[in-house]
Structure formats: structure tokens, C-alpha cells
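J.: Hey, dropping run_18.pdb in here, PDB, C-alpha atoms and all ligand atoms:
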```
ATOM      1  CA  MET A  15     130.963 -58.188 197.375  1.00  0.00           C
ATOM      2  CA  ARG A  16     134.242 -60.093 197.375  1.00  0.00           C
ATOM      3  CA  LEU A  17     137.040 -58.058 198.965  1.00  0.00           C
ATOM      4  CA  GLY A  18     139.499 -56.707 196.462  1.00  0.00           C
ATOM      5  CA  LYS A  19     137.217 -57.408 193.491  1.00  0.00           C
ATOM      6  CA  ARG A  20     137.896 -54.054 191.812  1.00  0.00           C
ATOM      7  CA  VAL A  21     141.644 -54.734 191.941  1.00  0.00           C
ATOM      8  CA  THR A  22     141.463 -58.344 190.764  1.00  0.00           C
ATOM      9  CA  GLU A  23     139.168 -57.374 187.897  1.00  0.00           C
ATOM     10  CA  LEU A  24     141.289 -54.378 186.915  1.00  0.00           C
ATOM     11  CA  LEU A  25     144.532 -56.347 186.851  1.00  0.00           C
ATOM     12  CA  GLY A  26     143.116 -59.684 185.666  1.00  0.00           C
ATOM     13  CA  ILE A  27     144.424 -61.592 188.691  1.00  0.00           C
ATOM     14  CA  ASP A  28     142.927 -63.968 191.287  1.00  0.00           C
ATOM     15  CA  CYS A  29     144.113 -62.454 194.588  1.00  0.00           C
ATOM     16  CA  PRO A  30     144.568 -58.733 195.222  1.00  0.00           C
ATOM     17  CA  ILE A  31     148.279 -59.097 196.017  1.00  0.00           C
ATOM     18  CA  VAL A  32     150.907 -57.184 194.046  1.00  0.00           C
ATOM     19  CA  GLN A  33     154.590 -58.048 194.373  1.00  0.00           C
ATOM     20  CA  GLY A  34     156.406 -54.747 194.690  1.00  0.00           C
ATOM     21  CA  GLY A  35     158.852 -53.691 192.000  1.00  0.00           C
ATOM     22  CA  MET A  36     162.253 -53.940 193.690  1.00  0.00           C
ATOM     23  CA  ALA A  37     165.424 -52.688 192.055  1.00  0.00           C
ATOM     24  CA  TRP A  38     168.092 -55.424 191.800  1.00  0.00           C
ATOM     25  CA  VAL A  39     165.600 -57.943 193.216  1.00  0.00           C
ATOM     26  CA  ALA A  40     162.401 -58.195 191.164  1.00  0.00           C
ATOM     27  CA  GLU A  41     163.276 -60.166 188.039  1.00  0.00           C
ATOM     28  CA  ALA A  42     161.331 -62.412 185.681  1.00  0.00           C
ATOM     29  CA  GLU A  43     161.497 -65.577 187.803  1.00  0.00           C
ATOM     30  CA  LEU A  44     160.061 -63.942 190.915  1.00  0.00           C
ATOM     31  CA  ALA A  45     157.443 -62.050 188.915  1.00  0.00           C
ATOM     32  CA  ALA A  46     156.346 -65.204 187.091  1.00  0.00           C
ATOM     33  CA  ALA A  47     156.089 -67.172 190.348  1.00  0.00           C
ATOM     34  CA  VAL A  48     153.831 -64.512 191.875  1.00  0.00           C
ATOM     35  CA  SER A  49     151.689 -64.233 188.743  1.00  0.00           C
ATOM     36  CA  ASN A  50     151.391 -68.018 188.481  1.00  0.00           C
ATOM     37  CA  GLY A  51     150.283 -68.007 192.132  1.00  0.00           C
ATOM     38  CA  GLY A  52     147.396 -65.675 191.324  1.00  0.00           C
ATOM     39  CA  GLY A  53     148.901 -62.324 192.304  1.00  0.00           C
ATOM     40  CA  LEU A  54     150.599 -59.724 190.137  1.00  0.00           C
ATOM     41  CA  GLY A  55     154.328 -60.223 189.658  1.00  0.00           C
ATOM     42  CA  ILE A  56     156.355 -57.162 188.762  1.00  0.00           C
ATOM     43  CA  ILE A  57     159.740 -56.708 187.117  1.00  0.00           C
ATOM     44  CA  ALA A  58     161.660 -53.679 188.386  1.00  0.00           C
ATOM     45  CA  ALA A  59     163.148 -51.560 185.620  1.00  0.00           C
ATOM     46  CA  ALA A  60     165.225 -49.290 187.874  1.00  0.00           C
ATOM     47  CA  SER A  61     168.392 -51.356 188.004  1.00  0.00           C
ATOM     48  CA  MET A  62     168.242 -52.672 184.438  1.00  0.00           C
ATOM     49  CA  PRO A  63     169.746 -51.258 181.289  1.00  0.00           C
ATOM     50  CA  PRO A  64     167.061 -51.233 178.539  1.00  0.00           C
ATOM     51  CA  GLU A  65     168.418 -54.381 176.801  1.00  0.00           C
ATOM     52  CA  LEU A  66     168.224 -56.369 180.044  1.00  0.00           C
ATOM     53  CA  LEU A  67     164.717 -55.076 180.795  1.00  0.00           C
ATOM     54  CA  ASP A  68     163.637 -56.137 177.306  1.00  0.00           C
ATOM     55  CA  LYS A  69     165.111 -59.603 177.921  1.00  0.00           C
ATOM     56  CA  GLU A  70     163.374 -59.972 181.308  1.00  0.00           C
ATOM     57  CA  LEU A  71     160.008 -58.853 179.886  1.00  0.00           C
ATOM     58  CA  LYS A  72     160.315 -61.428 177.115  1.00  0.00           C
ATOM     59  CA  LYS A  73     161.464 -64.080 179.581  1.00  0.00           C
ATOM     60  CA  VAL A  74     158.512 -63.586 181.949  1.00  0.00           C
ATOM     61  CA  ARG A  75     156.158 -64.381 179.071  1.00  0.00           C
ATOM     62  CA  THR A  76     157.872 -67.760 178.662  1.00  0.00           C
ATOM     63  CA  LEU A  77     157.308 -68.496 182.374  1.00  0.00           C
ATOM     64  CA  THR A  78     153.686 -67.407 182.792  1.00  0.00           C
ATOM     65  CA  ASP A  79     150.637 -66.698 180.710  1.00  0.00           C
ATOM     66  CA  ARG A  80     149.145 -64.613 183.535  1.00  0.00           C
ATOM     67  CA  PRO A  81     149.250 -60.790 183.722  1.00  0.00           C
ATOM     68  CA  PHE A  82     152.444 -59.219 185.065  1.00  0.00           C
ATOM     69  CA  GLY A  83     153.773 -55.719 185.445  1.00  0.00           C
ATOM     70  CA  VAL A  84     156.811 -53.513 185.140  1.00  0.00           C
ATOM     71  CA  ASN A  85     157.846 -50.933 187.724  1.00  0.00           C
ATOM     72  CA  ILE A  86     159.287 -47.750 186.329  1.00  0.00           C
ATOM     73  CA  MET A  87     161.370 -45.842 188.845  1.00  0.00           C
ATOM     74  CA  LEU A  88     160.945 -42.284 187.671  1.00  0.00           C
ATOM     75  CA  MET A  89     164.142 -41.047 189.317  1.00  0.00           C
ATOM     76  CA  SER A  90     166.228 -43.540 187.360  1.00  0.00           C
ATOM     77  CA  PRO A  91     168.304 -42.081 184.488  1.00  0.00           C
ATOM     78  CA  THR A  92     166.947 -44.886 182.286  1.00  0.00           C
ATOM     79  CA  ALA A  93     163.257 -44.199 183.051  1.00  0.00           C
ATOM     80  CA  SER A  94     162.486 -42.873 179.539  1.00  0.00           C
ATOM     81  CA  ASP A  95     164.104 -45.936 177.946  1.00  0.00           C
ATOM     82  CA  ALA A  96     162.158 -48.189 180.300  1.00  0.00           C
ATOM     83  CA  ILE A  97     158.886 -46.575 179.207  1.00  0.00           C
ATOM     84  CA  GLU A  98     159.721 -47.308 175.566  1.00  0.00           C
ATOM     85  CA  VAL A  99     160.737 -50.913 176.322  1.00  0.00           C
ATOM     86  CA  ALA A 100     157.477 -51.371 178.257  1.00  0.00           C
ATOM     87  CA  ALA A 101     155.566 -49.931 175.290  1.00  0.00           C
ATOM     88  CA  ALA A 102     157.307 -52.208 172.789  1.00  0.00           C
ATOM     89  CA  ASN A 103     156.502 -55.222 174.949  1.00  0.00           C
ATOM     90  CA  ARG A 104     152.851 -54.202 175.490  1.00  0.00           C
ATOM     91  CA  VAL A 105     153.221 -54.770 179.223  1.00  0.00           C
ATOM     92  CA  PRO A 106     149.811 -55.396 180.855  1.00  0.00           C
ATOM     93  CA  VAL A 107     150.466 -53.287 183.976  1.00  0.00           C
ATOM     94  CA  ALA A 108     152.933 -50.529 184.867  1.00  0.00           C
ATOM     95  CA  THR A 109     153.544 -49.242 188.361  1.00  0.00           C
ATOM     96  CA  THR A 110     155.654 -46.164 188.934  1.00  0.00           C
ATOM     97  CA  GLY A 111     157.797 -45.069 191.844  1.00  0.00           C
ATOM     98  CA  ALA A 112     159.552 -41.955 193.090  1.00  0.00           C
ATOM     99  CA  GLY A 113     157.953 -39.200 191.095  1.00  0.00           C
ATOM    100  CA  SER A 114     155.086 -37.902 189.045  1.00  0.00           C
ATOM    101  CA  PRO A 115     153.965 -40.460 186.440  1.00  0.00           C
ATOM    102  CA  GLY A 116     152.592 -38.128 183.748  1.00  0.00           C
ATOM    103  CA  LYS A 117     154.853 -39.480 180.973  1.00  0.00           C
ATOM    104  CA  VAL A 118     154.043 -43.092 181.785  1.00  0.00           C
ATOM    105  CA  LEU A 119     150.315 -42.412 181.730  1.00  0.00           C
ATOM    106  CA  GLU A 120     150.607 -40.528 178.445  1.00  0.00           C
ATOM    107  CA  ARG A 121     152.667 -43.172 176.669  1.00  0.00           C
ATOM    108  CA  LEU A 122     151.363 -46.466 178.063  1.00  0.00           C
ATOM    109  CA  LYS A 123     147.669 -45.942 178.804  1.00  0.00           C
ATOM    110  CA  PRO A 124     146.696 -45.530 175.132  1.00  0.00           C
ATOM    111  CA  LEU A 125     148.357 -48.911 174.476  1.00  0.00           C
ATOM    112  CA  GLY A 126     146.019 -50.586 176.995  1.00  0.00           C
ATOM    113  CA  THR A 127     148.510 -50.818 179.860  1.00  0.00           C
ATOM    114  CA  LYS A 128     146.938 -50.355 183.293  1.00  0.00           C
ATOM    115  CA  VAL A 129     148.950 -47.673 185.060  1.00  0.00           C
ATOM    116  CA  VAL A 130     149.147 -47.771 188.846  1.00  0.00           C
ATOM    117  CA  PRO A 131     151.389 -45.105 190.411  1.00  0.00           C
ATOM    118  CA  VAL A 132     152.868 -45.362 193.881  1.00  0.00           C
ATOM    119  CA  VAL A 133     151.926 -42.281 195.917  1.00  0.00           C
ATOM    120  CA  PRO A 134     152.874 -41.089 199.401  1.00  0.00           C
ATOM    121  CA  THR A 135     150.228 -38.365 199.832  1.00  0.00           C
ATOM    122  CA  THR A 136     146.604 -37.511 199.108  1.00  0.00           C
ATOM    123  CA  ALA A 137     147.732 -34.593 196.896  1.00  0.00           C
ATOM    124  CA  LEU A 138     149.610 -36.865 194.481  1.00  0.00           C
ATOM    125  CA  ALA A 139     146.854 -39.490 194.674  1.00  0.00           C
ATOM    126  CA  ARG A 140     144.275 -36.921 193.567  1.00  0.00           C
ATOM    127  CA  ARG A 141     146.541 -35.605 190.812  1.00  0.00           C
ATOM    128  CA  VAL A 142     147.243 -39.026 189.274  1.00  0.00           C
ATOM    129  CA  GLU A 143     143.552 -39.896 189.465  1.00  0.00           C
ATOM    130  CA  ARG A 144     142.805 -36.753 187.427  1.00  0.00           C
ATOM    131  CA  GLN A 145     145.560 -37.736 184.985  1.00  0.00           C
ATOM    132  CA  GLY A 146     143.900 -41.118 184.386  1.00  0.00           C
ATOM    133  CA  ALA A 147     145.616 -43.577 186.756  1.00  0.00           C
ATOM    134  CA  ASP A 148     143.712 -46.863 187.000  1.00  0.00           C
ATOM    135  CA  ALA A 149     144.458 -47.329 190.715  1.00  0.00           C
ATOM    136  CA  VAL A 150     147.038 -46.075 193.207  1.00  0.00           C
ATOM    137  CA  ILE A 151     149.428 -47.774 195.542  1.00  0.00           C
ATOM    138  CA  VAL A 152     149.723 -45.781 198.760  1.00  0.00           C
ATOM    139  CA  GLU A 153     153.074 -46.529 200.306  1.00  0.00           C
ATOM    140  CA  GLY A 154     153.784 -45.832 203.951  1.00  0.00           C
ATOM    141  CA  CYS A 155     157.251 -45.078 205.290  1.00  0.00           C
ATOM    142  CA  GLU A 156     157.482 -48.639 206.657  1.00  0.00           C
ATOM    143  CA  ALA A 157     158.442 -49.561 203.097  1.00  0.00           C
ATOM    144  CA  GLY A 158     161.696 -47.584 203.186  1.00  0.00           C
ATOM    145  CA  GLY A 159     163.224 -46.049 200.085  1.00  0.00           C
ATOM    146  CA  HIS A 160     161.914 -43.069 198.136  1.00  0.00           C
ATOM    147  CA  ILE A 161     158.651 -42.495 199.975  1.00  0.00           C
ATOM    148  CA  GLY A 162     156.911 -39.941 202.131  1.00  0.00           C
ATOM    149  CA  GLU A 163     156.705 -39.484 205.851  1.00  0.00           C
ATOM    150  CA  LEU A 164     153.318 -40.945 206.730  1.00  0.00           C
ATOM    151  CA  THR A 165     152.903 -44.486 207.981  1.00  0.00           C
ATOM    152  CA  THR A 166     150.817 -47.049 206.098  1.00  0.00           C
ATOM    153  CA  MET A 167     148.290 -46.934 208.965  1.00  0.00           C
ATOM    154  CA  VAL A 168     147.846 -43.173 208.564  1.00  0.00           C
ATOM    155  CA  ALA A 169     148.279 -42.728 204.810  1.00  0.00           C
ATOM    156  CA  THR A 170     145.976 -45.549 203.660  1.00  0.00           C
ATOM    157  CA  PRO A 171     142.639 -44.257 205.026  1.00  0.00           C
ATOM    158  CA  LEU A 172     143.523 -40.695 204.014  1.00  0.00           C
ATOM    159  CA  VAL A 173     144.142 -41.730 200.413  1.00  0.00           C
ATOM    160  CA  VAL A 174     141.114 -44.058 200.412  1.00  0.00           C
ATOM    161  CA  ASP A 175     138.947 -41.069 201.345  1.00  0.00           C
ATOM    162  CA  ALA A 176     140.613 -38.805 198.775  1.00  0.00           C
ATOM    163  CA  VAL A 177     140.116 -40.815 195.555  1.00  0.00           C
ATOM    164  CA  ASP A 178     137.506 -42.993 193.868  1.00  0.00           C
ATOM    165  CA  ILE A 179     139.923 -45.342 192.067  1.00  0.00           C
ATOM    166  CA  PRO A 180     141.000 -48.490 193.957  1.00  0.00           C
ATOM    167  CA  VAL A 181     143.721 -48.055 196.572  1.00  0.00           C
ATOM    168  CA  ILE A 182     146.384 -50.693 197.138  1.00  0.00           C
ATOM    169  CA  ALA A 183     148.296 -50.370 200.437  1.00  0.00           C
ATOM    170  CA  ALA A 184     152.048 -50.964 200.749  1.00  0.00           C
ATOM    171  CA  GLY A 185     154.603 -50.803 203.511  1.00  0.00           C
ATOM    172  CA  GLY A 186     155.073 -53.228 206.380  1.00  0.00           C
ATOM    173  CA  ILE A 187     152.591 -55.813 205.106  1.00  0.00           C
ATOM    174  CA  ALA A 188     154.001 -59.330 205.177  1.00  0.00           C
ATOM    175  CA  ASP A 189     151.200 -61.772 205.962  1.00  0.00           C
ATOM    176  CA  GLY A 190     147.449 -62.290 206.216  1.00  0.00           C
ATOM    177  CA  ARG A 191     147.170 -60.179 209.361  1.00  0.00           C
ATOM    178  CA  GLY A 192     148.755 -57.207 207.652  1.00  0.00           C
ATOM    179  CA  MET A 193     146.556 -57.724 204.622  1.00  0.00           C
ATOM    180  CA  ALA A 194     143.411 -57.848 206.773  1.00  0.00           C
ATOM    181  CA  ALA A 195     144.523 -54.620 208.495  1.00  0.00           C
ATOM    182  CA  ALA A 196     145.028 -52.909 205.123  1.00  0.00           C
ATOM    183  CA  PHE A 197     141.541 -53.945 204.047  1.00  0.00           C
ATOM    184  CA  ALA A 198     140.121 -52.679 207.349  1.00  0.00           C
ATOM    185  CA  LEU A 199     141.653 -49.296 206.495  1.00  0.00           C
ATOM    186  CA  GLY A 200     139.799 -49.283 203.186  1.00  0.00           C
ATOM    187  CA  ALA A 201     142.472 -50.644 200.839  1.00  0.00           C
ATOM    188  CA  GLU A 202     141.293 -52.990 198.101  1.00  0.00           C
ATOM    189  CA  GLY A 203     144.623 -54.702 197.587  1.00  0.00           C
ATOM    190  CA  VAL A 204     148.131 -54.900 199.015  1.00  0.00           C
ATOM    191  CA  GLN A 205     151.601 -54.510 197.565  1.00  0.00           C
ATOM    192  CA  ILE A 206     154.225 -56.567 199.347  1.00  0.00           C
ATOM    193  CA  GLY A 207     157.965 -56.195 198.868  1.00  0.00           C
ATOM    194  CA  THR A 208     160.243 -57.472 201.616  1.00  0.00           C
ATOM    195  CA  ARG A 209     158.313 -60.706 202.193  1.00  0.00           C
ATOM    196  CA  PHE A 210     158.823 -61.626 198.551  1.00  0.00           C
ATOM    197  CA  VAL A 211     162.567 -61.038 198.837  1.00  0.00           C
ATOM    198  CA  CYS A 212     162.569 -64.205 200.963  1.00  0.00           C
ATOM    199  CA  ALA A 213     160.773 -66.304 198.336  1.00  0.00           C
ATOM    200  CA  SER A 214     162.750 -69.256 196.990  1.00  0.00           C
ATOM    201  CA  GLU A 215     162.154 -67.937 193.443  1.00  0.00           C
ATOM    202  CA  CYS A 216     163.903 -64.670 194.361  1.00  0.00           C
ATOM    203  CA  ARG A 217     167.551 -64.633 193.311  1.00  0.00           C
ATOM    204  CA  VAL A 218     169.034 -62.465 196.081  1.00  0.00           C
ATOM    205  CA  HIS A 219     171.835 -63.815 198.289  1.00  0.00           C
ATOM    206  CA  GLU A 220     170.797 -66.256 201.027  1.00  0.00           C
ATOM    207  CA  ASN A 221     172.356 -63.953 203.660  1.00  0.00           C
ATOM    208  CA  TYR A 222     169.906 -61.191 202.678  1.00  0.00           C
ATOM    209  CA  LYS A 223     166.985 -63.589 203.036  1.00  0.00           C
ATOM    210  CA  ARG A 224     168.325 -64.853 206.376  1.00  0.00           C
ATOM    211  CA  ALA A 225     168.769 -61.293 207.688  1.00  0.00           C
ATOM    212  CA  ILE A 226     165.104 -60.574 206.932  1.00  0.00           C
ATOM    213  CA  LEU A 227     163.905 -63.833 208.451  1.00  0.00           C
ATOM    214  CA  ASN A 228     166.006 -63.285 211.594  1.00  0.00           C
ATOM    215  CA  ALA A 229     164.976 -59.646 212.045  1.00  0.00           C
ATOM    216  CA  ARG A 230     163.558 -58.837 215.480  1.00  0.00           C
ATOM    217  CA  THR A 231     162.137 -55.699 217.070  1.00  0.00           C
ATOM    218  CA  GLU A 232     165.253 -55.277 219.238  1.00  0.00           C
ATOM    219  CA  ALA A 233     168.317 -53.557 217.809  1.00  0.00           C
ATOM    220  CA  PRO A 234     171.201 -56.012 217.295  1.00  0.00           C
ATOM    221  CA  PRO A 235     173.660 -56.119 220.249  1.00  0.00           C
TER
HETATM  222  C1  LIG B   1     165.019 -53.996 197.966  1.00  0.00           C
HETATM  223  C2  LIG B   1     163.868 -53.124 197.577  1.00  0.00           C
HETATM  224  C3  LIG B   1     163.933 -52.399 196.393  1.00  0.00           C
HETATM  225  C4  LIG B   1     162.861 -51.586 196.006  1.00  0.00           C
HETATM  226  N1  LIG B   1     162.920 -50.932 194.794  1.00  0.00           N
HETATM  227  C5  LIG B   1     161.835 -50.235 194.352  1.00  0.00           C
HETATM  228  C6  LIG B   1     161.826 -49.681 193.036  1.00  0.00           C
HETATM  229  O1  LIG B   1     162.776 -49.809 192.257  1.00  0.00           O
HETATM  230  N2  LIG B   1     160.715 -48.991 192.649  1.00  0.00           N
HETATM  231  C7  LIG B   1     159.622 -48.834 193.478  1.00  0.00           C
HETATM  232  O2  LIG B   1     158.633 -48.194 193.071  1.00  0.00           O
HETATM  233  N3  LIG B   1     159.599 -49.371 194.730  1.00  0.00           N
HETATM  234  C8  LIG B   1     160.666 -50.086 195.165  1.00  0.00           C
HETATM  235  N4  LIG B   1     160.615 -50.703 196.401  1.00  0.00           N
HETATM  236  C9  LIG B   1     159.359 -50.659 197.197  1.00  0.00           C
HETATM  237  C10 LIG B   1     158.499 -51.916 196.938  1.00  0.00           C
HETATM  238  O3  LIG B   1     158.003 -51.942 195.619  1.00  0.00           O
HETATM  239  C11 LIG B   1     157.310 -52.021 197.902  1.00  0.00           C
HETATM  240  O4  LIG B   1     156.395 -50.966 197.736  1.00  0.00           O
HETATM  241  C12 LIG B   1     157.757 -52.059 199.367  1.00  0.00           C
HETATM  242  O5  LIG B   1     158.811 -52.978 199.520  1.00  0.00           O
HETATM  243  C13 LIG B   1     156.585 -52.438 200.248  1.00  0.00           C
HETATM  244  O6  LIG B   1     156.980 -52.472 201.597  1.00  0.00           O
HETATM  245  P1  LIG B   1     157.434 -53.836 202.329  1.00  0.00           P
HETATM  246  O7  LIG B   1     158.823 -54.128 201.879  1.00  0.00           O
HETATM  247  O8  LIG B   1     157.384 -53.477 203.781  1.00  0.00           O
HETATM  248  O9  LIG B   1     156.464 -54.924 201.958  1.00  0.00           O
HETATM  249  C14 LIG B   1     161.702 -51.488 196.824  1.00  0.00           C
HETATM  250  C15 LIG B   1     161.653 -52.228 198.031  1.00  0.00           C
HETATM  251  C16 LIG B   1     162.706 -53.041 198.401  1.00  0.00           C
HETATM  252  C17 LIG B   1     162.595 -53.841 199.676  1.00  0.00           C
END
```
Spell out the structure here as C-alpha cells.
T.:
Amino acid sequence: MRLGKRVTELLGIDCPIVQGGMAWVAEAELAAAVSNGGGLGIIAAASMPPELLDKELKKVRTLTDRPFGVNIMLMSPTASDAIEVAAANRVPVATTGAGSPGKVLERLKPLGTKVVPVVPTTALARRVERQGADAVIVEGCEAGGHIGELTTMVATPLVVDAVDIPVIAAGGIADGRGMAAAFALGAEGVQIGTRFVCASECRVHENYKRAILNARTEAPP
């Protein structure tokens, strides 16, 4: 069986690579570039007022005819608006971050949206599976931000053993080696964030990209 087949079939993509939703970073151009490349591009709702999110979701459709997703950051004060904008735009895939995705599952799944929550623990992974999640993204603390305390190396096999739905690993994965490691741990796909910040289609400041590219294991002097 081809590796990642359950994820590619579920999401309608060619390679089991999801571009992480990233507040202030993941906009239509980046998402479209990833989707056109065969992965799943995602627009991050967290930093966008509802009108801007609506505009970006309409824009991505002019840039790609491939599936794409929206990331709904549940801690954001505009999360409920984002769910409605995603519903109105019949978004193919929704990922969620920083919270329990019950409302997103309830509202978007009946519309045909595949809902893939980000989880830090086996307990939340099991709960969202019971609630009807199509897959989960297990995010290790390498990813930074609003996540749990386990590393990707530890959390991925635990979550893989805890649920039957496909598991996508995130946190500290930036190239083929990391992807192979995630698959060795039982993941069926990867979500990559920081590496995509450096993409030429990503609109962040060049200094941010350079800081990532120049990062070393040693602390700066
Ligand atoms: C700048 C930045 C902003 C992020 N914002 C969000 C967000 O709004 N919602 C979310 O669920 N995850 C967010 N994430 C996490 C990413 O979606 C992804 O899971 C993570 O970056 C994966 O780890 P990596 O950067 O080591 O590849 C963010 C990550 C970065 C780097």
C-alpha cells in the first residue's frame, strides 16, 4: 500500500503534506502554491477579520482548482465568525487549533467539509474521533505556540495507537528525513509550518525567512 494513501484519498491531494495554518502568515497565495504542488494549502483564520477571511477564501479559488483548507484557531475571538465564513464558502477541509473542535465538527461536517483537529494528547485525539473527526494532526511541542508538552517523537506513536482515523504528525518536520521519521512512527501524513514560512510564495518579511534559514543549534552569541 502506498504510504499516506488514507490521507491523500481523504483530502483529495497527491502527497500527504499539509501546510500548517499560521496566523499572519498563511494566506491565499501560499495555500494555493502548496495545493498546486500536490499538498494541502491552508489559510489561517486566526489573524483575519471575517471580511478578510472571506476575501482570501474566494481568492484561493482563483489561484487553484485543487483542495485547500482553512485553519480555525478556537481561542481566537473571531472563531465563531470564521466557522460561518468557512461554511458559506463550502471549504473542502478545516483544521482546528488550540481547543476542542466540537462546534466546527457540528457546523461544517454536515456540509461535506473534512474536519481535522490538531491535538496534543491521546485523550483529545480519542474524543475528537468519537465526535466524528476525519483525521487528527498530532502536534509536538517542537511546533511552538498553543500546544502540549510532549514531543512529536513521543506524541505521534501514542496517538497512532490510540485512534483508528489517520494521524498526521506536526512539529519539527522540515524535509524528507523528518517526513520519513514521522511515517516510521506510524503517521500517515505530515503538517509542516516553519519550512513553508520560507517559501517564496509566503509574504512574510525577508528578515523572518533569513532568521529561519540561518538558525543553528547553538544559541546566538
Ligand atoms: C508563525 C506560526 C503561526 C502559527 N499559527 C497557527 C494558528 O493560527 N493555528 C494553528 O492551529 N496552528 C498554528 N501554527 C502551527 C502550525 O500550523 C504547524 O502545526 C506548526 O508550525 C508545525 O511545526 P513546524 O513549524 O515545526 O513545522 C503556527 C505556526 C507558526 C510557525
J.: Which one is closest to Gly126 (chain A): A:Gly18, A:Leu25, A:Val150, A:Gln145? Count only C-alpha atoms.
T.: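 Among the listed residues, A:Leu25 lies closest to Gly126 (chain A).
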J.: Translate the PyMOL selection byres (((chain A and resi 84-88) around 7) and not hetatm), as applied to the file shown, into an explicit residue set as an mmCIF file with C-alpha atoms, keeping the file's coordinate frame.
T.:
```cif
data_model
loop_
_atom_site.group_PDB
_atom_site.id
_atom_site.type_symbol
_atom_site.label_atom_id
_atom_site.label_comp_id
_atom_site.auth_asym_id
_atom_site.auth_seq_id
_atom_site.Cartn_x
_atom_site.Cartn_y
_atom_site.Cartn_z
ATOM 1 C CA GLY A 35 158.852 -53.691 192.000
ATOM 2 C CA ILE A 56 156.355 -57.162 188.762
ATOM 3 C CA ILE A 57 159.740 -56.708 187.117
ATOM 4 C CA ALA A 58 161.660 -53.679 188.386
ATOM 5 C CA ALA A 59 163.148 -51.560 185.620
ATOM 6 C CA ALA A 60 165.225 -49.290 187.874
ATOM 7 C CA GLY A 83 153.773 -55.719 185.445
ATOM 8 C CA MET A 89 164.142 -41.047 189.317
ATOM 9 C CA SER A 90 166.228 -43.540 187.360
ATOM 10 C CA ALA A 93 163.257 -44.199 183.051
ATOM 11 C CA ALA A 96 162.158 -48.189 180.300
ATOM 12 C CA VAL A 107 150.466 -53.287 183.976
ATOM 13 C CA ALA A 108 152.933 -50.529 184.867
ATOM 14 C CA THR A 109 153.544 -49.242 188.361
ATOM 15 C CA THR A 110 155.654 -46.164 188.934
ATOM 16 C CA GLY A 111 157.797 -45.069 191.844
ATOM 17 C CA ALA A 112 159.552 -41.955 193.090
ATOM 18 C CA GLY A 113 157.953 -39.200 191.095
#
```
J.: List the residues selected by the PyMOL selection byres (((chain A and resi 166-175) around 12) and not hetatm) in the file shown, writing them as number ranges by chain.
T.: A: 132-143, 149-158, 161-165, 176-187, 192-193, 195-205
J.: Mind dumping the selected residues with C-alpha atoms as a JSON list (two decimals), keeping the file's coordinate frame?
T.:
```json
[["chain", "number", "residue", "atom", "x", "y", "z"],
["A", 132, "VAL", "CA", 152.87, -45.36, 193.88],
["A", 133, "VAL", "CA", 151.93, -42.28, 195.92],
["A", 134, "PRO", "CA", 152.87, -41.09, 199.40],
["A", 135, "THR", "CA", 150.23, -38.36, 199.83],
["A", 136, "THR", "CA", 146.60, -37.51, 199.11],
["A", 137, "ALA", "CA", 147.73, -34.59, 196.90],
["A", 138, "LEU", "CA", 149.61, -36.86, 194.48],
["A", 139, "ALA", "CA", 146.85, -39.49, 194.67],
["A", 140, "ARG", "CA", 144.28, -36.92, 193.57],
["A", 141, "ARG", "CA", 146.54, -35.60, 190.81],
["A", 142, "VAL", "CA", 147.24, -39.03, 189.27],
["A", 143, "GLU", "CA", 143.55, -39.90, 189.46],
["A", 149, "ALA", "CA", 144.46, -47.33, 190.72],
["A", 150, "VAL", "CA", 147.04, -46.08, 193.21],
["A", 151, "ILE", "CA", 149.43, -47.77, 195.54],
["A", 152, "VAL", "CA", 149.72, -45.78, 198.76],
["A", 153, "GLU", "CA", 153.07, -46.53, 200.31],
["A", 154, "GLY", "CA", 153.78, -45.83, 203.95],
["A", 155, "CYS", "CA", 157.25, -45.08, 205.29],
["A", 156, "GLU", "CA", 157.48, -48.64, 206.66],
["A", 157, "ALA", "CA", 158.44, -49.56, 203.10],
["A", 158, "GLY", "CA", 161.70, -47.58, 203.19],
["A", 161, "ILE", "CA", 158.65, -42.50, 199.98],
["A", 162, "GLY", "CA", 156.91, -39.94, 202.13],
["A", 163, "GLU", "CA", 156.71, -39.48, 205.85],
["A", 164, "LEU", "CA", 153.32, -40.94, 206.73],
["A", 165, "THR", "CA", 152.90, -44.49, 207.98],
["A", 176, "ALA", "CA", 140.61, -38.80, 198.78],
["A", 177, "VAL", "CA", 140.12, -40.82, 195.56],
["A", 178, "ASP", "CA", 137.51, -42.99, 193.87],
["A", 179, "ILE", "CA", 139.92, -45.34, 192.07],
["A", 180, "PRO", "CA", 141.00, -48.49, 193.96],
["A", 181, "VAL", "CA", 143.72, -48.06, 196.57],
["A", 182, "ILE", "CA", 146.38, -50.69, 197.14],
["A", 183, "ALA", "CA", 148.30, -50.37, 200.44],
["A", 184, "ALA", "CA", 152.05, -50.96, 200.75],
["A", 185, "GLY", "CA", 154.60, -50.80, 203.51],
["A", 186, "GLY", "CA", 155.07, -53.23, 206.38],
["A", 187, "ILE", "CA", 152.59, -55.81, 205.11],
["A", 192, "GLY", "CA", 148.76, -57.21, 207.65],
["A", 193, "MET", "CA", 146.56, -57.72, 204.62],
["A", 195, "ALA", "CA", 144.52, -54.62, 208.50],
["A", 196, "ALA", "CA", 145.03, -52.91, 205.12],
["A", 197, "PHE", "CA", 141.54, -53.94, 204.05],
["A", 198, "ALA", "CA", 140.12, -52.68, 207.35],
["A", 199, "LEU", "CA", 141.65, -49.30, 206.50],
["A", 200, "GLY", "CA", 139.80, -49.28, 203.19],
["A", 201, "ALA", "CA", 142.47, -50.64, 200.84],
["A", 202, "GLU", "CA", 141.29, -52.99, 198.10],
["A", 203, "GLY", "CA", 144.62, -54.70, 197.59],
["A", 204, "VAL", "CA", 148.13, -54.90, 199.02],
["A", 205, "GLN", "CA", 151.60, -54.51, 197.56]]
```
J.: With distances taken over only C-alpha atoms and all ligand atoms, which residue among A:Val105, A:Ile226, A:Val74, A:Cys29 lies nearest ligand LIG 1 (chain B)?
T.: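 Among A:Val105, A:Ile226, A:Val74, A:Cys29, it is A:Ile226 that comes nearest to ligand LIG 1 (chain B).
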J.: Tell me which of A:Ala100, A:Val211, A:Val21, A:Leu77 sits closest to ligand LIG 1 (chain B), counting all atoms listed in the file.
T.: A:Val211
J.: Just the number, please: distance in Å from CA of Pro131 (chain A) to atom O4 of ligand LIG 1 (chain B), one decimal.
T.: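 It comes out at 10.6 Å.
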J.: Interatomic distance between CA of Arg209 (chain A) and CA of Ile27 (chain A)?
T.: 19.4 Å
J.: Calculate, to one decimal in Å, the centre and edge lengths of the box along x, y and z of the file that holds all listed atoms of ligand LIG 1 (chain B) with 4 Å of margin on each side, and present them as lines of an AutoDock Vina configuration file.
T.:
```
center_x = 160.7
center_y = -51.6
center_z = 198.0
size_x = 16.6
size_y = 14.7
size_z = 19.5
```
J.: For CA of Pro30 (chain A) and atom N4 of ligand LIG 1 (chain B), quote the distance in Å rounded to one decimal.
T.: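 Taking CA of Pro30 (chain A) as the start and atom N4 of ligand LIG 1 (chain B) as the end point, the length is 18.0 Å.
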J.: Could you write out as a list in words the residues that the PyMOL selection byres (((chain A and resi 223-225) around 12) and not hetatm) matches in the shown file?
T.: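 Matching residues under the PyMOL selection byres (((chain A and resi 223-225) around 12) and not hetatm) are Val39, Thr208, Arg209, Phe210, Val211, Cys212, Ala213, Ser214, Glu215, Cys216, Arg217, Val218, His219, Glu220, Asn221, Tyr222, Ile226, Leu227, Asn228, Ala229, Arg230 and Pro234 of chain A.
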